[in-house]
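*Asks:* Compact mmCIF, C-alpha atoms, file my_file-v6.txt:
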# COMPACT_ATOMS: atom_id res chain seq x y z
CA MET A 21 -19.49 -39.59 5.32
CA LYS A 22 -19.55 -37.02 8.08
CA ILE A 23 -22.79 -36.85 10.05
CA VAL A 24 -23.51 -33.95 12.42
CA ILE A 25 -26.42 -33.73 14.85
CA LEU A 26 -26.78 -30.06 15.76
CA ASP A 27 -29.24 -30.25 18.68
CA GLY A 28 -29.69 -33.81 19.82
CA TYR A 29 -30.32 -33.26 23.54
CA THR A 30 -34.10 -32.88 23.62
CA ALA A 31 -34.68 -36.00 21.52
CA ASN A 32 -31.98 -37.99 23.27
CA PRO A 33 -30.74 -36.61 26.60
CA GLY A 34 -28.76 -39.80 27.15
CA ASP A 35 -31.32 -42.56 27.56
CA LEU A 36 -31.31 -43.55 23.88
CA SER A 37 -28.50 -44.33 21.43
CA TRP A 38 -27.15 -42.84 18.20
CA LYS A 39 -24.72 -45.76 17.74
CA GLU A 40 -26.29 -47.07 14.54
CA LEU A 41 -25.27 -43.81 12.85
CA GLU A 42 -21.64 -44.43 13.73
CA ALA A 43 -21.66 -47.40 11.37
CA LEU A 44 -22.50 -45.04 8.49
CA GLY A 45 -19.62 -42.63 8.94
CA GLU A 46 -17.99 -40.11 11.26
CA LEU A 47 -20.64 -38.96 13.78
CA VAL A 48 -20.50 -35.76 15.83
CA VAL A 49 -23.35 -35.00 18.24
CA TYR A 50 -23.96 -31.59 19.80
CA ASP A 51 -26.54 -31.09 22.54
CA ARG A 52 -27.31 -27.57 21.33
CA THR A 53 -26.09 -25.26 18.58
CA SER A 54 -26.60 -21.51 18.34
CA ALA A 55 -27.17 -19.76 15.03
CA ASP A 56 -23.64 -18.40 14.89
CA GLU A 57 -22.17 -21.88 15.50
CA THR A 58 -24.15 -23.71 12.82
CA VAL A 59 -21.88 -23.27 9.82
CA ALA A 60 -18.67 -24.00 11.70
CA ARG A 61 -20.07 -27.17 13.22
CA ALA A 62 -21.60 -28.43 9.98
CA THR A 63 -18.55 -27.69 7.81
CA ASP A 64 -17.60 -30.72 5.71
CA ALA A 65 -20.75 -32.56 6.77
CA GLU A 66 -22.67 -34.43 4.10
CA VAL A 67 -25.49 -35.24 6.55
CA VAL A 68 -26.93 -32.81 9.09
CA LEU A 69 -29.68 -33.62 11.59
CA THR A 70 -31.56 -30.77 13.23
CA ASN A 71 -34.58 -30.25 15.42
CA LYS A 72 -34.84 -26.50 15.95
CA VAL A 73 -31.58 -25.17 14.48
CA LEU A 74 -32.42 -23.25 11.29
CA ILE A 75 -30.94 -24.47 8.03
CA THR A 76 -31.48 -21.42 5.86
CA LYS A 77 -30.53 -20.60 2.28
CA GLU A 78 -27.56 -18.65 3.63
CA VAL A 79 -26.42 -21.57 5.79
CA MET A 80 -26.66 -24.01 2.87
CA ALA A 81 -24.58 -21.69 0.68
CA GLN A 82 -21.73 -22.07 3.17
CA LEU A 83 -21.94 -25.87 3.32
CA PRO A 84 -20.88 -27.08 -0.15
CA ARG A 85 -20.65 -30.74 0.89
CA LEU A 86 -24.14 -30.87 2.37
CA LYS A 87 -26.29 -33.49 0.66
CA TYR A 88 -28.92 -34.35 3.28
CA VAL A 89 -30.83 -32.63 6.10
CA GLY A 90 -32.81 -34.81 8.48
CA VAL A 91 -35.36 -32.98 10.63
CA LEU A 92 -35.78 -34.57 14.06
CA ALA A 93 -39.47 -33.69 14.09
CA THR A 94 -42.60 -33.87 11.96
CA GLY A 95 -42.69 -30.16 11.14
CA TYR A 96 -39.92 -29.04 8.80
CA ASN A 97 -40.29 -25.26 8.75
CA VAL A 98 -36.74 -24.99 10.16
CA VAL A 99 -35.36 -25.79 6.69
CA ASP A 100 -35.62 -23.64 3.57
CA ILE A 101 -37.13 -26.38 1.42
CA GLU A 102 -36.99 -24.44 -1.85
CA ALA A 103 -33.32 -23.60 -1.39
CA ALA A 104 -32.63 -27.26 -0.59
CA ARG A 105 -34.35 -28.39 -3.79
CA GLN A 106 -32.37 -25.92 -5.84
CA ARG A 107 -29.16 -27.34 -4.41
CA GLY A 108 -30.25 -30.97 -4.73
CA ILE A 109 -30.23 -31.45 -0.95
CA ILE A 110 -32.56 -34.18 0.33
CA VAL A 111 -34.70 -33.13 3.31
CA THR A 112 -36.58 -35.69 5.41
CA ASN A 113 -38.77 -35.59 8.49
CA VAL A 114 -40.21 -38.07 11.00
CA PRO A 115 -43.97 -38.27 10.51
CA ALA A 116 -46.55 -39.41 13.06
CA TYR A 117 -44.08 -40.55 15.74
CA SER A 118 -45.78 -38.58 18.54
CA THR A 119 -49.48 -39.05 17.76
CA GLU A 120 -50.34 -41.05 20.88
CA SER A 121 -48.22 -38.90 23.18
CA VAL A 122 -49.62 -35.58 21.98
CA ALA A 123 -53.20 -36.86 22.13
CA GLN A 124 -52.53 -38.03 25.70
CA MET A 125 -51.24 -34.58 26.64
CA VAL A 126 -54.39 -32.92 25.27
CA PHE A 127 -56.48 -34.82 27.78
CA ALA A 128 -53.94 -34.44 30.58
CA HIS A 129 -54.45 -30.69 30.16
CA LEU A 130 -58.20 -30.97 29.83
CA LEU A 131 -58.55 -33.10 32.96
CA THR A 132 -56.30 -30.69 34.82
CA VAL A 133 -58.98 -28.05 34.26
CA THR A 134 -62.05 -30.21 34.87
CA ASN A 135 -60.79 -32.31 37.80
CA ARG A 136 -57.85 -30.38 39.30
CA VAL A 137 -56.08 -33.45 40.66
CA GLU A 138 -52.79 -31.65 41.28
CA HIS A 139 -54.58 -28.76 43.03
CA TYR A 140 -56.17 -31.08 45.56
CA THR A 141 -53.03 -33.18 45.96
CA VAL A 142 -51.02 -30.07 46.90
CA GLN A 143 -53.69 -29.00 49.39
CA ASN A 144 -53.90 -32.43 50.99
CA ARG A 145 -50.14 -32.64 51.41
CA ALA A 146 -50.65 -29.55 53.54
CA ASP A 147 -53.39 -31.30 55.63
CA ARG A 148 -56.41 -29.59 54.03
CA TRP A 149 -58.41 -32.84 53.93
CA THR A 150 -57.16 -33.90 57.35
CA ASN A 151 -58.68 -30.75 58.82
CA SER A 152 -61.92 -30.91 56.82
CA ALA A 153 -65.23 -30.95 58.69
CA ASP A 154 -66.67 -33.29 56.04
CA PHE A 155 -65.63 -36.51 54.34
CA SER A 156 -65.47 -34.60 51.05
CA TYR A 157 -64.65 -31.02 50.15
CA SER A 158 -64.18 -29.06 46.94
CA ASP A 159 -63.19 -25.47 46.31
CA THR A 160 -63.11 -25.61 42.51
CA LEU A 161 -65.71 -26.25 39.84
CA LEU A 162 -65.71 -29.94 38.90
CA THR A 163 -67.29 -30.84 35.56
CA GLU A 164 -68.08 -33.88 33.42
CA LEU A 165 -66.94 -34.16 29.82
CA ALA A 166 -69.75 -36.47 28.70
CA GLY A 167 -72.33 -34.68 26.59
CA LYS A 168 -70.16 -31.63 25.95
CA THR A 169 -68.93 -30.56 22.52
CA PHE A 170 -65.30 -31.04 21.59
CA GLY A 171 -64.14 -28.92 18.65
CA ILE A 172 -61.03 -29.74 16.65
CA VAL A 173 -59.11 -27.65 14.13
CA GLY A 174 -57.37 -30.06 11.77
CA LEU A 175 -57.99 -33.79 11.32
CA GLY A 176 -54.52 -35.16 10.66
CA ASN A 177 -53.15 -38.11 12.61
CA ILE A 178 -53.23 -36.30 15.95
CA GLY A 179 -56.58 -34.60 15.37
CA LYS A 180 -58.23 -37.92 14.51
CA ARG A 181 -56.75 -39.64 17.57
CA VAL A 182 -57.91 -36.80 19.82
CA ALA A 183 -61.38 -37.12 18.31
CA GLN A 184 -61.47 -40.84 19.15
CA ILE A 185 -60.54 -40.19 22.77
CA ALA A 186 -63.10 -37.38 23.06
CA GLN A 187 -65.76 -39.75 21.75
CA ALA A 188 -64.70 -42.34 24.32
CA PHE A 189 -65.44 -39.72 27.00
CA GLY A 190 -68.94 -39.39 25.54
CA MET A 191 -68.33 -36.02 23.92
CA ASN A 192 -69.84 -34.74 20.68
CA VAL A 193 -67.04 -34.01 18.20
CA ILE A 194 -67.10 -31.29 15.56
CA ALA A 195 -64.22 -30.29 13.31
CA LEU A 196 -62.91 -27.61 11.00
CA THR A 197 -61.07 -29.52 8.28
CA SER A 198 -60.35 -29.51 4.57
CA LYS A 199 -61.14 -33.23 4.38
CA THR A 200 -64.32 -34.21 2.57
CA THR A 201 -64.68 -37.64 4.20
CA LEU A 202 -64.64 -37.64 8.00
CA PRO A 203 -64.41 -40.51 10.50
CA GLU A 204 -67.72 -41.73 11.85
CA GLY A 205 -69.34 -39.51 14.46
CA ILE A 206 -67.46 -36.31 13.59
CA LYS A 207 -69.47 -33.41 12.20
CA LYS A 208 -67.78 -31.00 9.80
CA VAL A 209 -68.51 -27.33 10.55
CA GLU A 210 -67.41 -23.90 9.45
CA LEU A 211 -65.15 -21.73 11.59
CA SER A 212 -67.92 -19.60 13.13
CA GLU A 213 -69.88 -22.71 14.13
CA LEU A 214 -66.81 -24.35 15.57
CA PHE A 215 -66.03 -21.40 17.80
CA ALA A 216 -69.62 -20.86 18.90
CA GLN A 217 -70.46 -24.50 19.69
CA SER A 218 -67.25 -25.82 21.26
CA ASP A 219 -67.08 -26.38 25.00
CA VAL A 220 -63.50 -27.51 24.39
CA LEU A 221 -61.52 -26.33 21.37
CA SER A 222 -58.26 -28.10 20.49
CA LEU A 223 -55.82 -26.95 17.79
CA HIS A 224 -54.14 -29.54 15.55
CA CYS A 225 -53.52 -27.72 12.29
CA PRO A 226 -50.22 -26.70 10.64
CA LEU A 227 -48.90 -23.18 11.11
CA THR A 228 -49.40 -21.31 7.83
CA SER A 229 -50.10 -17.74 6.79
CA ASP A 230 -53.81 -18.63 6.98
CA THR A 231 -53.68 -20.17 10.47
CA HIS A 232 -51.27 -17.68 12.07
CA HIS A 233 -53.16 -16.05 14.98
CA MET A 234 -56.36 -17.83 14.03
CA ILE A 235 -57.16 -17.40 17.73
CA ASN A 236 -57.36 -13.63 18.07
CA ALA A 237 -59.47 -10.92 19.65
CA ASP A 238 -62.21 -11.31 17.04
CA THR A 239 -62.46 -15.11 17.01
CA LEU A 240 -62.35 -15.25 20.81
CA LYS A 241 -65.54 -13.17 20.85
CA LEU A 242 -67.31 -16.07 19.14
CA MET A 243 -66.45 -18.52 21.92
CA LYS A 244 -68.43 -19.41 25.01
CA PRO A 245 -67.15 -17.79 28.23
CA THR A 246 -67.19 -21.32 29.69
CA ALA A 247 -65.00 -22.73 26.92
CA ILE A 248 -61.58 -24.36 27.36
CA LEU A 249 -58.98 -23.68 24.65
CA ILE A 250 -56.13 -26.16 24.12
CA ASN A 251 -53.05 -25.64 21.94
CA THR A 252 -50.62 -28.50 21.46
CA GLY A 253 -49.99 -27.55 17.81
CA ARG A 254 -47.87 -24.47 17.20
CA GLY A 255 -47.53 -21.41 19.45
CA PRO A 256 -48.28 -18.72 16.84
CA LEU A 257 -51.70 -20.23 16.13
CA ILE A 258 -52.83 -17.96 18.94
CA ASP A 259 -52.35 -14.30 19.80
CA ASP A 260 -50.92 -14.55 23.32
CA GLN A 261 -52.13 -11.14 24.44
CA ALA A 262 -55.64 -11.62 23.07
CA VAL A 263 -56.00 -14.93 24.93
CA ALA A 264 -54.60 -13.42 28.12
CA ASP A 265 -57.08 -10.55 27.89
CA ALA A 266 -59.98 -12.97 27.37
CA LEU A 267 -58.94 -14.99 30.42
CA LYS A 268 -58.62 -11.89 32.59
CA ASP A 269 -62.03 -10.60 31.47
CA LYS A 270 -63.63 -14.03 32.02
CA ARG A 271 -64.57 -14.31 28.35
CA LEU A 272 -62.66 -17.61 28.25
CA TYR A 273 -62.72 -20.13 31.09
CA ALA A 274 -59.29 -21.70 30.65
CA PHE A 275 -56.35 -21.94 28.28
CA CYS A 276 -54.06 -24.97 28.10
CA ALA A 277 -50.86 -24.93 26.08
CA ASP A 278 -47.84 -27.10 25.47
CA VAL A 279 -46.50 -24.55 22.97
CA LEU A 280 -46.08 -20.79 23.03
CA THR A 281 -45.19 -18.20 20.40
CA GLU A 282 -41.63 -17.87 21.69
CA GLU A 283 -39.84 -20.84 23.23
CA PRO A 284 -38.50 -20.62 25.81
CA PRO A 285 -40.92 -17.79 26.64
CA LYS A 286 -39.83 -14.48 28.05
CA ALA A 287 -40.66 -13.81 31.70
CA ASP A 288 -43.18 -11.14 30.70
CA ASN A 289 -45.28 -13.45 28.53
CA PRO A 290 -48.85 -12.40 29.45
CA LEU A 291 -50.06 -15.99 29.82
CA LEU A 292 -47.53 -17.31 32.34
CA GLY A 293 -48.85 -15.64 35.46
CA LEU A 294 -52.57 -16.28 34.98
CA PRO A 295 -54.26 -18.81 37.28
CA ASN A 296 -56.53 -20.07 34.49
CA ALA A 297 -53.70 -20.56 31.98
CA TYR A 298 -52.01 -23.95 32.18
CA THR A 299 -48.70 -24.42 30.38
CA THR A 300 -46.27 -27.27 29.89
CA PRO A 301 -42.81 -26.74 28.30
CA HIS A 302 -43.33 -28.28 24.83
CA ILE A 303 -43.18 -31.84 26.16
CA ALA A 304 -46.25 -33.47 24.59
CA TRP A 305 -43.95 -35.18 22.06
CA ALA A 306 -41.29 -36.17 24.57
CA THR A 307 -42.44 -39.43 26.14
CA VAL A 308 -39.68 -42.03 26.10
CA GLU A 309 -41.74 -44.13 23.69
CA ALA A 310 -42.22 -41.27 21.22
CA ARG A 311 -38.58 -40.22 21.41
CA ALA A 312 -37.49 -43.82 20.78
CA ARG A 313 -39.67 -43.89 17.66
CA LEU A 314 -38.27 -40.53 16.59
CA VAL A 315 -34.64 -41.61 16.92
CA LYS A 316 -35.27 -44.94 15.18
CA VAL A 317 -37.00 -43.37 12.18
CA ALA A 318 -34.40 -40.58 11.97
CA ILE A 319 -31.64 -43.21 11.84
CA ASP A 320 -33.59 -45.29 9.32
CA ASN A 321 -34.01 -42.17 7.17
CA VAL A 322 -30.23 -41.66 7.07
CA LYS A 323 -29.67 -45.35 6.28
CA ALA A 324 -32.16 -45.14 3.42
CA PHE A 325 -30.39 -42.05 2.06
CA ALA A 326 -27.02 -43.77 2.29
CA ASN A 327 -28.46 -46.69 0.30
CA GLY A 328 -29.82 -44.41 -2.39
CA LYS A 329 -33.45 -45.04 -1.45
CA SER A 330 -34.44 -41.95 0.54
CA GLN A 331 -37.66 -42.15 2.56
CA ASN A 332 -39.88 -39.58 4.29
CA VAL A 333 -38.68 -36.91 1.87
CA VAL A 334 -40.51 -33.60 2.25
Could you write out this structure as structure tokens?
*Replies:*
Amino acid sequence: MKIVILDGYTANPGDLSWKELEALGELVVYDRTSADETVARATDAEVVLTNKVLITKEVMAQLPRLKYVGVLATGYNVVDIEAARQRGIIVTNVPAYSTESVAQMVFAHLLTVTNRVEHYTVQNRADRWTNSADFSYSDTLLTELAGKTFGIVGLGNIGKRVAQIAQAFGMNVIALTSKTTLPEGIKKVELSELFAQSDVLSLHCPLTSDTHHMINADTLKLMKPTAILINTGRGPLIDDQAVADALKDKRLYAFCADVLTEEPPKADNPLLGLPNAYTTPHIAWATVEARARLVKVAIDNVKAFANGKSQNVV
């Protein structure tokens, strides 16, 4: 069978291998594929792997041989699932491969705000400490996490792991979740309580019509002006302009994000130039360990499909 990977570069920029797929058929790997290249590149393919390239109803209609779409991610909103079902096309994803890496990034961001290691490192490379009158100096607020309240939206695999780490720091954990049974030490609260009580609020819920812009001008008014907001979930969970306005008006202490509404963002994104907004370029998932798990499971998914025993079907 013909196997086409439409945008393999971010998952595997060259340090991992797709060779196991070559044993299953003819493999073609593209680093990136634009929307107007998708159909031409996937023509005659029975298996297509995609990360961010959209596989829409219209695309499927032009790919009569397509039998399988493998999403190189956990989220599968890039595929029209209903259209795939109607056409008998199997769609799979890669669940839970990045849990540890994303949880790690949450606290990398949080510690950036509370401890400012990079800030002081940059200063001291420029001899700030060398020229200090005292053995110690600080020009930022330094705060402890112990005893503070960590709020979480969504208690899936990542949310639960983040909660464990927050508890290890001595933080009180509260959560907005649909689950009825929560891990020990986590208190379930309603949205208004979550926003009002959280010293740190971290988003780990899916992007749906209900969660789109759940962080907006109105909900931001419920938060403490000393609060830190963290988004490693999906960019559109927040209203960029509303968060930027809250930061400028000192109604929110800091915003940390690994995801933005548009990626890559435009130069005029209101969050990019703010000193109390900290952004990383959607890399929480991209540790070498997480990418290796992603590639392995993606390959195993194709093998299972080829053997008539599909796994991780969405």
*Asks:* Can you tell me which residues surround Arg85 (chain A) at a distance of at most 7 Å, considering only C-alpha atoms, apart from same-chain residues fewer than 3 positions away, and format the answer as a ChimeraX atom specification?
*Replies:* /A:64-66
*Asks:* Let's have the selection written as a PDB file, in the frame of the given file, with C-alpha atoms.
*Replies:*
ATOM      1  CA  ASP A  64     -17.600 -30.720   5.710  1.00  0.00           C
ATOM      2  CA  ALA A  65     -20.750 -32.560   6.770  1.00  0.00           C
ATOM      3  CA  GLU A  66     -22.670 -34.430   4.100  1.00  0.00           C
TER       4      GLU A  66
END
*Asks:* Residues within 12 Å of Glu78 (chain A), please, as a PyMOL selection string. Count all atoms listed in the file; anything in the same chain fewer than 6 positions from it doesn't count.
*Replies:* chain A and resi 55-56+58-59+84+99-100+103-104+107
*Asks:* Dump C-alpha atoms for the selected residues as a PDB file, in the coordinates of the input?
*Replies:*
ATOM      1  CA  ALA A  55     -27.170 -19.760  15.030  1.00  0.00           C
ATOM      2  CA  ASP A  56     -23.640 -18.400  14.890  1.00  0.00           C
ATOM      3  CA  THR A  58     -24.150 -23.710  12.820  1.00  0.00           C
ATOM      4  CA  VAL A  59     -21.880 -23.270   9.820  1.00  0.00           C
ATOM      5  CA  PRO A  84     -20.880 -27.080  -0.150  1.00  0.00           C
ATOM      6  CA  VAL A  99     -35.360 -25.790   6.690  1.00  0.00           C
ATOM      7  CA  ASP A 100     -35.620 -23.640   3.570  1.00  0.00           C
ATOM      8  CA  ALA A 103     -33.320 -23.600  -1.390  1.00  0.00           C
ATOM      9  CA  ALA A 104     -32.630 -27.260  -0.590  1.00  0.00           C
ATOM     10  CA  ARG A 107     -29.160 -27.340  -4.410  1.00  0.00           C
TER      11      ARG A 107
END
*Asks:* Could you list, as an mmCIF file with C-alpha atoms, keeping the file's coordinate frame, every residue within 9 Å of Leu36 (chain A), counting only C-alpha atoms and ignoring same-chain residues fewer than 3 positions away?
*Replies:*
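Final output, saved to out.cif:
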data_model
loop_
_atom_site.group_PDB
_atom_site.id
_atom_site.type_symbol
_atom_site.label_atom_id
_atom_site.label_comp_id
_atom_site.auth_asym_id
_atom_site.auth_seq_id
_atom_site.Cartn_x
_atom_site.Cartn_y
_atom_site.Cartn_z
ATOM 1 C CA ALA A 31 -34.680 -36.000 21.520
ATOM 2 C CA ASN A 32 -31.980 -37.990 23.270
ATOM 3 C CA PRO A 33 -30.740 -36.610 26.600
ATOM 4 C CA VAL A 308 -39.680 -42.030 26.100
ATOM 5 C CA ARG A 311 -38.580 -40.220 21.410
ATOM 6 C CA ALA A 312 -37.490 -43.820 20.780
ATOM 7 C CA VAL A 315 -34.640 -41.610 16.920
#
*Asks:* Identify, on the basis of only C-alpha atoms, every residue whose closest approach to Leu291 (chain A) does not exceed 7 Å; exclude the query and any residue fewer than 4 positions from it along the same chain; express the result as a count of residues only.
*Replies:* 3
*Asks:* For Pro285 (chain A), which residue among A:Gly28, A:Pro301, A:Gly179, A:Gly95 is the nearest when counting all atoms listed in the file?
*Replies:*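 Residue with the minimum atom-to-atom distance to Pro285 (chain A): A:Pro301.
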*Asks:* Taking into account all atoms listed in the file, which residue in the set A:Ile25, A:Ala62, A:Ile110, A:Val263 is nearest to Ala324 (chain A)?
*Replies:*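 Closest residue, counting all atoms listed in the file: A:Ile110.
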*Asks:* How many Å separate CA of Lys270 (chain A) from CA of Asp159 (chain A)?
*Replies:*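 Interatomic distance here is 18.3 Å.
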*Asks:* Which value, in Å to one decimal, gives the distance between CA of Gly45 (chain A) and CA of Glu309 (chain A)?
*Replies:*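 One can read the CA of Gly45 (chain A) to CA of Glu309 (chain A) distance as 26.6 Å.
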